[in-house]
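> Take a look at this one; I'll ask things after.
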Amino acid sequence: MTQAKAVSASVSSGLSRRNVLSAAFGAAATAAAVSTVSKPAKAADASTAGVSGTEGANTMGSRIITRDGVEIYYKDWGRKDGPVVVLSHGWPLSSDSWEAQAFHLANNGFRVITHDRRGHGRSSQPWDGNDMDHYADDLADLINALDLKDIFLAGFSTGGGEISRYIGRHGTSRVAKAGLISAVPPLMVKTDNNPGGLPKEVFDGLQAASLKDRSKLYRDIASGPFFGFNRPGAVASQGMIDSFWLQGMMGGHKNTYDSIVAFSQTDFTEDLKKFDVPTLIIHGDDDQIVPIDAAARASKTLVPHAELKVYAGAPHGITDTHKDQLNADLLAFAKA
């Protein structure tokens, strides 16, 4: 049986999601899980980061300096007097991963802000603070420094976790609408309270593969499950693969390593319960990276007023593979 058929069979028969994700990520992560090079990073204690987290931020060209001295790179596209959209990217990418949506929204009258998360893209690479609380506080610093209001705040994959934690820590006084796109909330890892999640060993394997050969790991993910290029009949785009790899390799080694724990082991349940604004959830039902049942459908139960759109047959990386459909849906929701 081919790898793709094995994944499909595992899903349809209800077998362990560990088998699904391990097959999807390929031999690099799976083999590395057997002999992890070093002990996985521990998830950050939420009490270690200040809840306010916005004092002292200031702008410097296309960057802000956060309250703890980290440089965050951002793009500010479109009309400066237009309604504001803020987009948060996934792991291990940068704001460049949103460029199709940012271009489309900006061309339709919106002011679009995208940023590189700390340790990713063109932002600085602090050794510490690579956790969701710091990510959310960095986002708060950016929003406050630019004095953004009535925002449509959307996050892709790990970015969905970032915006959820932002709302959980900072509220919605500056947020008018929210979007979760192929997003990781409410919780990816399997726990006693989240039996449908993925075993922690899967993510330990990703960290081990990152230490063993980070470049190969990113190429394997991009050429396989991220865009669904491992599915029968799929036509791979070398451009998409190269862009994913380049964005990933621009990120800091330690930062992207730690971020695996941040996106997989942070519980956003209580954050989602604080979503009191119109919310759009979009997810592909063939997402091999963040399976839809434990993510979008579970988030919908926690945010019952949210609108859930399921893209039939779509993979994780819908910002590229389904960009026309996604662009139209985001624009319609932003205008509503």
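Residue names in the structure tokens use chain letters A, B, ... in the order shown, residue numbers from 1 in each chain, and ligand numbers from 1 in the order shown.
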Running DSSP on the backbone, which parts of segment 165-295 of chain A land in helix (DSSP H, G or I), as a VMD selection string?

chain A and resid 165 to 170 200 to 223 238 to 250 253 to 265 269 to 272

> Need to verify the contact set: Gly159 of chain A, 8 Å, only C-alpha atoms, exclusion of same-chain residues closer than 2 positions in sequence. Can you return it as a list in words?

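Using only C-alpha atoms, the neighbours found are Leu87, Ser88, His89, Gly90, Trp91, Ala154, Gly155, Phe156, Ser157, Gly161, Glu162, Ile163 and Ala183 of chain A.
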
> Please compute the atom CA of Phe333 of chain A-atom CA of Gly313 of chain A distance, one decimal, in Å.

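One can read the atom CA of Phe333 of chain A to atom CA of Gly313 of chain A distance as 22.1 Å.
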
> Go through A:Leu148, A:Leu142, A:Leu280, A:Met250 one by one, measure the shortest atom-to-atom distance of each to Ser62 of chain A using only C-alpha atoms, and give the residue with the smallest value.

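Comparing A:Leu148, A:Leu142, A:Leu280, A:Met250 against Ser62 of chain A, the winner is A:Leu142.
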
> So which residues touch Asn194 of chain A within 12 Å, counting only C-alpha atoms, skipping near sequence neighbours fewer than 4 positions away, as a PyMOL selection string?

chain A and resi 185-190+198-200+265-269+293-295+298

> Write out as a PyMOL selection string the residues lying within 6 Å of Ala314 of chain A, counting only C-alpha atoms and excluding same-chain residues fewer than 2 positions away.

chain A and resi 284-286+311-312

> Kindly indicate which residue among A:Gly160, A:Gly317, A:Pro83, A:Gly205 lies nearest to Ser223 of chain A, using only C-alpha atoms for the distances.

A:Gly317

> Write out as number ranges by chain which residues come within 9 Å of Ala334 of chain A when counting only C-alpha atoms, dropping same-chain ones fewer than 5 positions away.

A: 83, 85, 105, 110, 152, 177, 329

> Store the residues of this selection in a file with N, CA and C atoms, as a PDB file, in the first residue's frame.


```
ATOM      1  N   PRO A  83     -10.256  50.037   6.359  1.00  0.00           N
ATOM      2  CA  PRO A  83     -10.513  49.118   7.473  1.00  0.00           C
ATOM      3  C   PRO A  83      -9.352  48.133   7.602  1.00  0.00           C
ATOM      4  N   VAL A  85      -7.083  44.811   8.536  1.00  0.00           N
ATOM      5  CA  VAL A  85      -6.976  43.361   8.656  1.00  0.00           C
ATOM      6  C   VAL A  85      -5.572  43.048   9.163  1.00  0.00           C
ATOM      7  N   LEU A 105      -6.718  41.631  -0.376  1.00  0.00           N
ATOM      8  CA  LEU A 105      -7.461  42.493   0.529  1.00  0.00           C
ATOM      9  C   LEU A 105      -7.039  43.952   0.389  1.00  0.00           C
ATOM     10  N   PHE A 110      -8.606  47.552   1.807  1.00  0.00           N
ATOM     11  CA  PHE A 110      -8.274  47.309   3.203  1.00  0.00           C
ATOM     12  C   PHE A 110      -6.821  47.675   3.508  1.00  0.00           C
ATOM     13  N   PHE A 152     -10.097  43.150  11.785  1.00  0.00           N
ATOM     14  CA  PHE A 152     -10.390  41.761  11.443  1.00  0.00           C
ATOM     15  C   PHE A 152      -9.086  41.016  11.672  1.00  0.00           C
ATOM     16  N   LYS A 177     -13.644  41.449  14.336  1.00  0.00           N
ATOM     17  CA  LYS A 177     -13.932  40.131  13.783  1.00  0.00           C
ATOM     18  C   LYS A 177     -12.689  39.266  13.943  1.00  0.00           C
ATOM     19  N   ASP A 329     -13.559  34.365   0.289  1.00  0.00           N
ATOM     20  CA  ASP A 329     -14.245  34.188   1.560  1.00  0.00           C
ATOM     21  C   ASP A 329     -13.790  35.207   2.601  1.00  0.00           C
TER      22      ASP A 329
END
```

> For a test of reading the model, state the distance in Å between atom CA of Pro278 of chain A and atom CA of Val303 of chain A, rounded to one decimal.

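Distance between the two atoms: 9.6 Å.
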
> One number please: atom CA of Gly239 of chain A to atom CA of Asp320 of chain A, in Å, one decimal.

10.5 Å

> What are the nearest atom pairs, with distances in Å to one decimal, for all residues of segment 184-206 of chain A that come at most 8 Å from segment 255-263 of chain A, using only C-alpha atoms, set out by chain and rising residue number as a Markdown table?


```
| residue | atom | partner | partner_atom | distance |
| --- | --- | --- | --- | --- |
| A:Val184 | CA | A:Phe263 | CA | 6.8 |
| A:Met188 | CA | A:Phe263 | CA | 7.6 |
| A:Phe203 | CA | A:Ile260 | CA | 6.8 |
| A:Leu206 | CA | A:Ile260 | CA | 7.5 |
```
